[in-house]
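data02.txt (compact mmCIF, C-alpha atoms)
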# COMPACT_ATOMS: atom_id res chain seq x y z
CA MET A 159 53.57 155.73 89.22
CA PHE A 160 50.01 157.08 88.89
CA ASN A 161 48.99 157.73 85.29
CA LYS A 162 45.89 159.89 85.04
CA ASP A 163 45.31 159.02 81.34
CA THR A 164 45.15 155.30 82.12
CA PHE A 165 42.96 156.01 85.15
CA PHE A 166 40.43 158.01 83.09
CA LEU A 167 40.51 155.35 80.35
CA VAL A 168 39.57 152.66 82.88
CA LEU A 169 36.73 154.81 84.24
CA LEU A 170 35.12 154.89 80.76
CA VAL A 171 33.82 151.37 81.42
CA PHE A 172 31.29 152.86 83.87
CA ILE A 173 29.43 154.64 81.04
CA PRO A 174 27.96 151.44 79.49
CA VAL A 175 27.60 149.96 82.98
CA SER A 176 25.46 152.93 84.11
CA ILE A 177 23.26 152.70 81.00
CA ALA A 178 22.84 148.95 81.53
CA ALA A 179 22.06 149.52 85.23
CA HIS A 180 19.33 151.99 84.23
CA PHE A 181 17.61 149.81 81.62
CA LEU A 182 18.06 146.52 83.49
CA GLU A 183 16.88 148.13 86.75
CA TRP A 184 19.86 147.19 88.93
CA GLY A 185 18.86 149.81 91.47
CA GLU A 186 19.06 153.59 91.76
CA SER A 187 22.19 153.50 93.92
CA VAL A 188 24.10 151.51 91.28
CA VAL A 189 22.96 153.91 88.54
CA PHE A 190 23.93 156.95 90.64
CA ILE A 191 27.42 155.66 91.51
CA THR A 192 28.28 154.34 88.03
CA ALA A 193 26.93 157.45 86.26
CA GLY A 194 28.97 159.66 88.59
CA LEU A 195 32.14 157.66 87.88
CA GLY A 196 31.34 157.76 84.14
CA ILE A 197 31.20 161.57 84.13
CA VAL A 198 34.73 161.90 85.58
CA PRO A 199 36.69 160.81 82.45
CA LEU A 200 34.25 162.63 80.15
CA ALA A 201 35.04 165.90 81.93
CA SER A 202 38.74 165.24 81.37
CA TYR A 203 38.32 164.48 77.65
CA MET A 204 36.16 167.57 77.21
CA GLY A 205 39.02 169.65 78.59
CA THR A 206 41.58 167.89 76.37
CA ALA A 207 39.48 168.41 73.23
CA THR A 208 39.01 172.10 74.05
CA GLU A 209 42.77 172.56 74.54
CA GLU A 210 43.57 170.83 71.23
CA ILE A 211 41.06 173.01 69.35
CA ALA A 212 42.51 176.09 71.06
CA VAL A 213 45.94 175.31 69.55
CA VAL A 214 44.45 175.81 66.07
CA THR A 215 42.11 178.72 66.81
CA GLY A 216 44.77 180.87 68.48
CA PRO A 217 45.04 182.39 71.96
CA SER A 218 42.01 184.72 71.88
CA ILE A 219 39.38 182.26 70.61
CA GLY A 220 41.19 179.45 72.43
CA GLY A 221 40.95 181.34 75.70
CA LEU A 222 37.25 181.91 75.12
CA LEU A 223 36.76 178.20 74.34
CA ASN A 224 38.59 177.19 77.51
CA ALA A 225 36.53 179.68 79.53
CA THR A 226 33.26 178.44 78.00
CA PHE A 227 33.93 174.71 78.28
CA GLY A 228 35.97 174.91 81.48
CA ASN A 229 32.90 174.18 83.59
CA ALA A 230 30.67 172.67 80.91
CA THR A 231 30.30 169.43 82.92
CA GLU A 232 28.97 171.28 85.96
CA LEU A 233 26.75 173.46 83.76
CA ILE A 234 25.18 170.46 81.98
CA LEU A 235 24.71 168.58 85.26
CA ALA A 236 23.15 171.63 86.95
CA PHE A 237 20.90 172.39 83.95
CA ILE A 238 19.46 168.86 83.95
CA ALA A 239 18.86 169.07 87.70
CA LEU A 240 17.24 172.49 87.19
CA LYS A 241 14.99 171.09 84.47
CA ALA A 242 13.97 168.32 86.87
CA GLY A 243 12.98 170.94 89.46
CA LEU A 244 15.81 170.09 91.90
CA ILE A 245 16.59 173.76 92.49
CA GLY A 246 18.03 173.18 95.98
CA VAL A 247 20.49 170.65 94.56
CA VAL A 248 21.47 173.09 91.79
CA LYS A 249 22.22 175.83 94.34
CA ALA A 250 24.17 173.38 96.50
CA THR A 251 26.21 172.29 93.46
CA ILE A 252 27.09 175.92 92.66
CA THR A 253 28.37 176.68 96.16
CA GLY A 254 30.00 173.25 96.40
CA SER A 255 31.92 173.78 93.15
CA ILE A 256 33.30 177.10 94.40
CA VAL A 257 34.33 175.57 97.73
CA SER A 258 35.79 172.44 96.09
CA ASN A 259 37.96 174.38 93.63
CA LEU A 260 39.27 176.86 96.20
CA LEU A 261 39.96 174.39 99.00
CA LEU A 262 40.31 170.86 97.61
CA VAL A 263 41.77 171.46 94.13
CA MET A 264 44.07 174.34 95.09
CA GLY A 265 44.87 172.69 98.43
CA PHE A 266 46.05 169.39 96.92
CA SER A 267 47.98 171.30 94.25
CA MET A 268 49.88 173.33 96.85
CA LEU A 269 50.34 170.30 99.11
CA LEU A 270 51.70 167.87 96.49
CA GLY A 271 53.62 170.55 94.60
CA GLY A 272 55.07 171.80 97.90
CA LEU A 273 56.28 168.34 98.88
CA LYS A 274 58.37 168.30 95.69
CA PHE A 275 59.44 171.97 95.65
CA LYS A 276 60.15 173.89 98.86
CA VAL A 277 58.48 177.15 97.78
CA GLN A 278 56.42 177.68 94.63
CA LYS A 279 55.76 181.09 93.15
CA PHE A 280 52.92 182.50 91.04
CA GLU A 281 51.86 185.96 89.84
CA PRO A 282 50.71 187.90 92.98
CA THR A 283 48.94 190.64 90.98
CA VAL A 284 46.65 188.08 89.31
CA ALA A 285 46.11 186.33 92.66
CA ARG A 286 44.98 189.59 94.30
CA LEU A 287 42.76 190.41 91.33
CA ASN A 288 41.16 186.96 91.53
CA ALA A 289 40.68 187.52 95.26
CA SER A 290 38.83 190.80 94.62
CA THR A 291 36.67 189.15 91.96
CA MET A 292 35.75 186.29 94.32
CA ASN A 293 34.87 188.87 97.01
CA LEU A 294 32.41 190.40 94.54
CA ALA A 295 30.95 186.95 93.88
CA VAL A 296 30.42 186.40 97.62
CA ILE A 297 28.70 189.80 97.92
CA ALA A 298 26.44 188.98 94.96
CA LEU A 299 25.44 185.65 96.55
CA LEU A 300 25.00 187.12 100.03
CA LEU A 301 22.79 190.12 99.25
CA PRO A 302 19.69 188.34 97.81
CA THR A 303 19.75 186.02 100.84
CA ALA A 304 20.14 189.04 103.13
CA VAL A 305 17.15 190.72 101.44
CA GLN A 306 15.09 187.58 102.03
CA TYR A 307 16.04 187.34 105.71
CA THR A 308 15.65 191.04 106.50
CA SER A 309 12.29 191.52 104.78
CA THR A 310 8.87 190.42 105.86
CA GLY A 311 6.47 189.11 103.27
CA ILE A 312 8.77 189.63 100.29
CA GLU A 313 7.24 188.06 97.18
CA GLU A 314 9.01 185.28 95.34
CA GLN A 315 8.72 187.24 92.09
CA THR A 316 10.53 190.21 93.65
CA LEU A 317 13.38 187.95 94.74
CA GLN A 318 13.45 186.42 91.27
CA ASN A 319 13.65 189.84 89.61
CA LEU A 320 16.47 190.85 91.96
CA SER A 321 18.36 187.63 91.16
CA VAL A 322 18.00 188.10 87.39
CA ALA A 323 19.31 191.68 87.68
CA VAL A 324 22.29 190.54 89.79
CA ALA A 325 22.90 187.68 87.34
CA GLY A 326 23.10 190.17 84.48
CA ILE A 327 25.73 192.22 86.34
CA LEU A 328 27.78 189.08 87.14
CA ILE A 329 27.80 187.99 83.48
CA LEU A 330 28.94 191.51 82.53
CA VAL A 331 31.78 191.28 85.08
CA TYR A 332 32.69 187.86 83.72
CA GLY A 333 32.96 189.37 80.24
CA LEU A 334 35.22 192.11 81.64
CA THR A 335 37.50 189.51 83.27
CA LEU A 336 37.82 187.74 79.90
CA LEU A 337 38.65 191.05 78.21
CA PHE A 338 41.25 191.78 80.90
CA SER A 339 42.90 188.34 80.82
CA MET A 340 42.86 187.77 77.06
CA LYS A 341 43.31 191.28 75.67
CA THR A 342 44.28 194.32 77.76
CA HIS A 343 46.46 192.51 80.34
CA ALA A 344 47.16 189.20 78.63
CA TYR A 345 50.84 189.43 79.65
CA LEU A 346 49.83 189.06 83.32
CA CYS A 347 47.65 186.04 82.68
CA ASP A 348 49.96 184.23 80.25
CA VAL A 349 50.55 181.09 82.31
CA GLY A 350 51.63 178.98 79.38
CA ASP A 351 50.21 175.80 77.96
CA ALA A 352 50.60 172.62 80.01
CA ALA A 353 50.31 170.56 76.86
CA LEU A 354 53.42 172.10 75.32
CA ASP A 355 55.61 170.71 78.10
CA GLU A 356 54.74 167.19 77.06
CA GLY A 357 55.29 167.58 73.35
CA GLY A 358 58.68 169.25 73.07
CA GLU A 359 59.52 171.84 70.47
CA GLY A 360 57.51 173.01 67.50
CA GLU A 361 53.83 173.45 66.79
CA PRO A 362 51.95 170.17 67.19
CA GLU A 363 49.82 168.88 64.33
CA VAL A 364 46.17 169.00 65.38
CA ASN A 365 43.39 167.08 63.64
CA LEU A 366 40.70 169.74 64.04
CA PRO A 367 37.67 167.77 62.69
CA PHE A 368 38.56 164.84 64.97
CA TRP A 369 38.74 166.98 68.11
CA ILE A 370 35.53 168.85 67.24
CA PHE A 371 33.83 165.44 66.86
CA ILE A 372 35.29 164.32 70.22
CA LEU A 373 34.07 167.53 71.90
CA LEU A 374 30.52 167.09 70.55
CA ALA A 375 30.44 163.36 71.37
CA VAL A 376 31.72 163.92 74.91
CA THR A 377 29.24 166.75 75.50
CA LEU A 378 26.39 164.44 74.42
CA ALA A 379 27.71 161.65 76.66
CA VAL A 380 27.95 164.04 79.63
CA ALA A 381 24.31 165.03 79.04
CA VAL A 382 23.21 161.36 78.98
CA GLU A 383 25.19 160.44 82.11
CA SER A 384 23.97 163.59 83.91
CA GLU A 385 20.38 162.63 83.09
CA LEU A 386 20.93 159.20 84.64
CA LEU A 387 22.64 160.74 87.68
CA VAL A 388 19.88 163.29 88.32
CA ASP A 389 17.05 160.79 87.75
CA SER A 390 18.50 158.44 90.36
CA LEU A 391 19.73 161.13 92.76
CA GLU A 392 16.83 161.43 95.23
CA VAL A 393 16.24 157.70 95.69
CA ALA A 394 19.96 156.82 95.66
CA THR A 395 20.97 159.41 98.26
CA ALA A 396 18.19 158.22 100.55
CA GLN A 397 19.35 154.60 100.14
CA LEU A 398 22.97 155.59 100.79
CA GLY A 399 22.01 157.60 103.88
CA LEU A 400 23.16 160.93 102.43
CA SER A 401 21.29 164.24 102.53
CA ALA A 402 20.55 166.17 99.34
CA LEU A 403 22.55 169.06 100.82
CA PHE A 404 25.70 166.94 101.32
CA THR A 405 25.31 165.35 97.88
CA GLY A 406 24.93 168.72 96.16
CA VAL A 407 27.72 170.54 98.01
CA ILE A 408 30.30 167.74 98.31
CA LEU A 409 29.70 164.74 96.02
CA LEU A 410 28.51 166.33 92.75
CA PRO A 411 31.25 169.02 92.64
CA ILE A 412 33.95 166.37 93.21
CA ILE A 413 32.56 164.48 90.20
CA GLY A 414 32.41 167.62 88.06
CA ASN A 415 35.80 168.95 89.21
CA ALA A 416 37.76 165.70 88.80
CA ALA A 417 39.36 166.83 85.52
CA GLU A 418 40.39 170.24 86.93
CA HIS A 419 41.73 168.49 90.01
CA ALA A 420 43.95 166.16 87.96
CA THR A 421 45.20 169.01 85.74
CA ALA A 422 45.92 171.42 88.60
CA VAL A 423 47.81 168.83 90.65
CA SER A 424 49.72 167.56 87.61
CA VAL A 425 51.05 170.99 86.61
CA ALA A 426 51.75 171.96 90.25
CA MET A 427 54.05 168.95 90.54
CA LYS A 428 55.95 170.32 87.51
CA ASP A 429 56.42 173.60 89.41
CA LYS A 430 53.95 175.46 87.19
CA MET A 431 52.03 177.02 90.06
CA ASP A 432 50.81 179.95 87.94
CA LEU A 433 48.85 177.54 85.76
CA SER A 434 47.69 175.44 88.71
CA VAL A 435 46.30 178.43 90.62
CA SER A 436 44.77 179.75 87.39
CA VAL A 437 42.89 176.46 86.91
CA ALA A 438 41.56 176.37 90.50
CA MET A 439 40.73 180.07 90.95
CA GLY A 440 39.57 180.48 87.35
CA SER A 441 37.14 177.58 87.68
CA SER A 442 35.65 179.08 90.87
CA MET A 443 35.27 182.46 89.15
CA GLN A 444 33.54 180.84 86.16
CA ILE A 445 31.07 179.09 88.46
CA ALA A 446 30.28 182.27 90.41
CA LEU A 447 30.27 184.80 87.56
CA PHE A 448 29.02 182.70 84.65
CA VAL A 449 27.48 179.32 85.52
CA ALA A 450 25.33 180.55 88.45
CA PRO A 451 23.89 183.60 86.62
CA VAL A 452 23.30 181.59 83.42
CA LEU A 453 21.32 179.04 85.45
CA VAL A 454 19.27 181.83 87.07
CA ILE A 455 18.38 183.31 83.67
CA THR A 456 17.81 179.86 82.11
CA GLY A 457 15.51 178.83 84.95
CA TRP A 458 13.55 182.04 84.49
CA ILE A 459 13.18 181.27 80.75
CA ILE A 460 12.18 177.57 81.05
CA GLY A 461 9.72 178.12 83.91
CA GLN A 462 11.86 176.68 86.72
CA PRO A 463 12.50 179.94 88.60
CA MET A 464 15.78 179.85 90.48
CA ASP A 465 16.91 182.79 92.58
CA LEU A 466 20.13 183.63 94.40
CA ASN A 467 18.61 183.09 97.84
CA PHE A 468 20.99 180.40 99.10
CA ASN A 469 21.05 178.26 102.23
CA PRO A 470 22.87 180.50 104.78
CA PHE A 471 25.13 177.60 105.80
CA GLU A 472 26.26 177.22 102.17
CA LEU A 473 27.11 180.94 102.09
CA VAL A 474 29.13 180.55 105.29
CA ALA A 475 31.10 177.75 103.60
CA VAL A 476 31.72 179.85 100.47
CA SER A 477 32.78 182.86 102.55
CA VAL A 478 35.18 180.72 104.61
CA ALA A 479 36.65 179.18 101.42
CA VAL A 480 37.14 182.56 99.74
CA LEU A 481 38.60 184.10 102.91
CA ILE A 482 41.29 181.44 103.50
CA ALA A 483 42.07 180.97 99.78
CA ASN A 484 42.56 184.73 99.35
CA SER A 485 44.69 184.90 102.50
CA ILE A 486 46.99 182.08 101.37
CA SER A 487 47.34 183.11 97.71
CA SER A 488 47.74 186.88 98.14
CA ASP A 489 51.56 186.82 98.55
CA GLY A 490 52.19 184.89 95.31
CA GLU A 491 53.94 182.01 97.09
CA SER A 492 52.84 178.61 98.37
CA ASN A 493 54.23 175.64 100.27
CA TRP A 494 53.01 172.23 101.44
CA LEU A 495 51.74 173.52 104.79
CA GLU A 496 49.48 176.11 103.14
CA GLY A 497 48.11 173.34 100.92
CA SER A 498 47.48 171.23 104.03
CA LEU A 499 45.53 174.11 105.61
CA LEU A 500 43.25 174.36 102.56
CA VAL A 501 42.64 170.59 102.46
CA ALA A 502 41.99 170.53 106.22
CA THR A 503 39.49 173.38 105.86
CA TYR A 504 37.70 171.43 103.12
CA ALA A 505 37.61 168.33 105.35
CA VAL A 506 36.02 170.37 108.17
CA VAL A 507 33.46 171.85 105.75
CA ALA A 508 32.64 168.40 104.30
CA ILE A 509 32.15 166.90 107.77
CA ALA A 510 29.93 169.83 108.76
CA PHE A 511 27.73 169.30 105.70
CA PHE A 512 27.58 165.54 106.36
CA PHE A 513 26.20 166.12 109.85
CA HIS A 514 24.06 169.12 108.87
CA PRO A 515 20.42 168.16 109.54
CA VAL A 516 17.98 168.33 106.66
CA VAL A 517 15.78 171.37 107.22
CA GLU A 518 12.56 171.65 105.25
CA GLY A 519 12.69 174.52 102.79
CA MET A 520 16.48 174.82 102.96
CA ILE A 521 17.08 172.44 100.04
Will you turn the file into structure tokens for me?
Amino acid sequence: MFNKDTFFLVLLVFIPVSIAAHFLEWGESVVFITAGLGIVPLASYMGTATEEIAVVTGPSIGGLLNATFGNATELILAFIALKAGLIGVVKATITGSIVSNLLLVMGFSMLLGGLKFKVQKFEPTVARLNASTMNLAVIALLLPTAVQYTSTGIEEQTLQNLSVAVAGILILVYGLTLLFSMKTHAYLCDVGDAALDEGGEGEPEVNLPFWIFILLAVTLAVAVESELLVDSLEVATAQLGLSALFTGVILLPIIGNAAEHATAVSVAMKDKMDLSVSVAMGSSMQIALFVAPVLVITGWIIGQPMDLNFNPFELVAVSVAVLIANSISSDGESNWLEGSLLVATYAVVAIAFFFHPVVEGMI
């Protein structure tokens, strides 16, 4: 039987291999592939460390920690790409992460969970609220692009100012969603702790200093591996015959979302669909409402201006993902066929991006 802990442990070997490949000049493709594989277990251990610390800090601070570090891997990876001036790749990674979580992560969870349990239920009120929040995110991403395409001679600075203003509103909304889920309506969002199912009864003993050290060490390792990945990205993708658009939208999000994918599928197969949907939808919301606006504001501060004017084809993919995910999750029930539909939609999107021609100025 598949053991995700053993799998992630084996993948740790790619961290020293990627560093060796970089310094011994084994080729950019080798560095890119091994660094990407090395990030996968680090993302998982970052999530584990955050959950262990949350046990000690309590539900409110623990929820905030989970929200903050939930997409830390994607944020670090995107920040390093932003610093390197790969703004098109950063934008592609943002849209790709949203699409990946809504279609691939939630799709596999519903598919594999549905094969074991005929019908799985989750809180419909939270599902509809998440759907409304994701609709807002789509609107926020669409409008700056619409302004660009319906205006003649609009200055880059104007678009940047618009994006920063929209980013501020999205971060405010993200704060409101945290307040709603952790304070005013915590009873709706109480999906339980997956870790408690493994450990049995009683409060587990947590070595807080150890897990804080692990969290800091893993964060540093993610930064190092992300640096290697980004440095080798342009040459490696050219050697592998992949476009920057496909790499940003499909490959990088799969690397960053591997931990969420494993967690969501694992709990779905234990018939904990509330938690599984919370992981998939929550991660998408964090990307849209927190990670994307933080990158816009950070880019503005460090002199790598990034706006919310996205490739229209990326926005089509996000809109499609949000539309079908909202449609399937709105009734609070799922089955294996609905999971298959989400995975099939992701496959169609991935194939479309693979064959999408590289257009100058689009990425």
Selection near Ala510 in chain A, 12 Å with only C-alpha atoms, sequence-local residues under 2 positions removed, as a list in words: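 The neighbour list is Leu403, Phe404, Val407, Ile408, Phe471, Glu472, Val474, Ala475, Thr503, Tyr504, Ala505, Val506, Val507, Ala508, Phe512, Phe513, His514 and Pro515 of chain A.
Residues with any atom within 10 Å of Gly457 in chain A, counting all atoms listed in the file and excluding same-chain neighbours fewer than 4 positions away, are Phe237, Leu240, Lys241, Gly243, Ile245, Val322, Pro451, Val452, Leu453, Gly461, Gln462, Pro463, Met464 and Asp465 of chain A.
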Nearest candidate to Ala422 in chain A (options A:Ala242, A:Ala402, A:Leu270, A:Ala201; using all atoms listed in the file): A:Leu270
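Restricting the calculation to all atoms listed in the file, the smallest distance between Val423 in chain A and any of A:Leu273, A:Val388, A:Leu499, A:Val257 is found for A:Leu273.
For the set A:Ser267, A:Ser187, A:Ser258, A:Asn365, the residue with the smallest atom-to-atom gap to Glu210 in chain A is A:Asn365, counting only C-alpha atoms.
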Residue nearest Asn319 in chain A - candidates A:Asn467, A:Ser339, A:Asn484, A:Thr405, atoms counted: only C-alpha atoms: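 The closest residue to Asn319 in chain A is A:Asn467.
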Best match for closeness to Trp369 in chain A among A:Gly205, A:Gly497, A:Pro282, A:Gly414, counting all atoms listed in the file: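 Result for the nearest residue to Trp369 in chain A: A:Gly205.
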Residue with smallest distance to Gly272 in chain A - pool A:Val168, A:Ile459, A:Leu500, A:Ala426, counting only C-alpha atoms: A:Ala426
Between CA of Pro199 in chain A and CA of Phe166 in chain A, distance in Å (one decimal):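 Value for the CA of Pro199 in chain A-CA of Phe166 in chain A distance: 4.7 Å.
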Two-atom distance - CA of Lys274 in chain A, CA of Asp163 in chain A (Å): 21.5 Å
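Here CA of Leu170 in chain A is placed at a distance of 11.3 Å from CA of Val376 in chain A.
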File output for range 159-187 of chain A (N, CA and C atoms) as a CSV table (one decimal), in the first residue's frame:
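Everything below was put into out.csv:
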chain,number,residue,atom,x,y,z
A,159,MET,N,0.8,-1.2,0.0
A,159,MET,CA,0.0,0.0,0.0
A,159,MET,C,0.9,1.3,0.0
A,160,PHE,N,0.4,2.3,-0.7
A,160,PHE,CA,1.2,3.5,-0.8
A,160,PHE,C,1.3,4.2,0.5
A,161,ASN,N,2.5,4.6,0.9
A,161,ASN,CA,2.8,5.3,2.1
A,161,ASN,C,3.4,6.6,1.8
A,162,LYS,N,2.6,7.7,2.0
A,162,LYS,CA,3.1,9.0,1.5
A,162,LYS,C,4.3,9.5,2.3
A,163,ASP,N,4.4,9.1,3.6
A,163,ASP,CA,5.6,9.5,4.5
A,163,ASP,C,6.9,8.9,3.9
A,164,THR,N,6.8,7.6,3.6
A,164,THR,CA,8.0,7.0,3.0
A,164,THR,C,8.4,7.6,1.6
A,165,PHE,N,7.3,7.9,0.8
A,165,PHE,CA,7.5,8.5,-0.5
A,165,PHE,C,8.2,9.8,-0.3
A,166,PHE,N,7.8,10.7,0.6
A,166,PHE,CA,8.4,12.0,0.8
A,166,PHE,C,9.8,11.9,1.3
A,167,LEU,N,10.0,10.9,2.2
A,167,LEU,CA,11.3,10.6,2.7
A,167,LEU,C,12.3,10.3,1.6
A,168,VAL,N,11.9,9.4,0.7
A,168,VAL,CA,12.8,9.1,-0.4
A,168,VAL,C,13.1,10.3,-1.3
A,169,LEU,N,12.1,11.2,-1.5
A,169,LEU,CA,12.3,12.3,-2.3
A,169,LEU,C,13.3,13.3,-1.8
A,170,LEU,N,13.6,13.2,-0.5
A,170,LEU,CA,14.6,14.1,0.2
A,170,LEU,C,16.0,14.0,-0.5
A,171,VAL,N,16.3,12.8,-1.0
A,171,VAL,CA,17.6,12.6,-1.6
A,171,VAL,C,17.8,13.6,-2.8
A,172,PHE,N,16.8,14.1,-3.4
A,172,PHE,CA,17.0,15.0,-4.5
A,172,PHE,C,17.5,16.4,-4.1
A,173,ILE,N,17.4,16.7,-2.8
A,173,ILE,CA,17.9,18.0,-2.4
A,173,ILE,C,19.4,18.1,-2.5
A,174,PRO,N,20.2,17.1,-1.9
A,174,PRO,CA,21.7,17.2,-2.2
A,174,PRO,C,22.0,16.9,-3.6
A,175,VAL,N,21.2,16.1,-4.3
A,175,VAL,CA,21.5,15.8,-5.8
A,175,VAL,C,21.4,17.1,-6.6
A,176,SER,N,20.3,17.9,-6.3
A,176,SER,CA,20.2,19.2,-7.0
A,176,SER,C,21.3,20.2,-6.8
A,177,ILE,N,21.7,20.2,-5.5
A,177,ILE,CA,22.8,21.1,-5.2
A,177,ILE,C,24.1,20.7,-5.8
A,178,ALA,N,24.4,19.4,-5.8
A,178,ALA,CA,25.5,18.8,-6.5
A,178,ALA,C,25.5,19.1,-8.0
A,179,ALA,N,24.3,18.9,-8.6
A,179,ALA,CA,24.1,19.1,-10.0
A,179,ALA,C,24.4,20.6,-10.4
A,180,HIS,N,24.0,21.5,-9.5
A,180,HIS,CA,24.3,22.9,-9.7
A,180,HIS,C,25.8,23.2,-9.7
A,181,PHE,N,26.5,22.8,-8.7
A,181,PHE,CA,27.9,23.1,-8.5
A,181,PHE,C,28.8,22.3,-9.4
A,182,LEU,N,28.4,21.1,-9.8
A,182,LEU,CA,29.2,20.3,-10.6
A,182,LEU,C,28.8,20.4,-12.1
A,183,GLU,N,27.8,21.3,-12.4
A,183,GLU,CA,27.4,21.7,-13.7
A,183,GLU,C,27.0,20.4,-14.5
A,184,TRP,N,26.0,19.7,-14.0
A,184,TRP,CA,25.5,18.5,-14.7
A,184,TRP,C,24.5,18.9,-15.7
A,185,GLY,N,24.2,20.2,-15.9
A,185,GLY,CA,23.2,20.6,-16.9
A,185,GLY,C,21.9,21.2,-16.2
A,186,GLU,N,21.4,22.2,-16.9
A,186,GLU,CA,20.2,22.9,-16.3
A,186,GLU,C,19.0,22.1,-16.2
A,187,SER,N,18.8,21.1,-17.1
A,187,SER,CA,17.6,20.3,-17.0
A,187,SER,C,17.7,19.4,-15.8
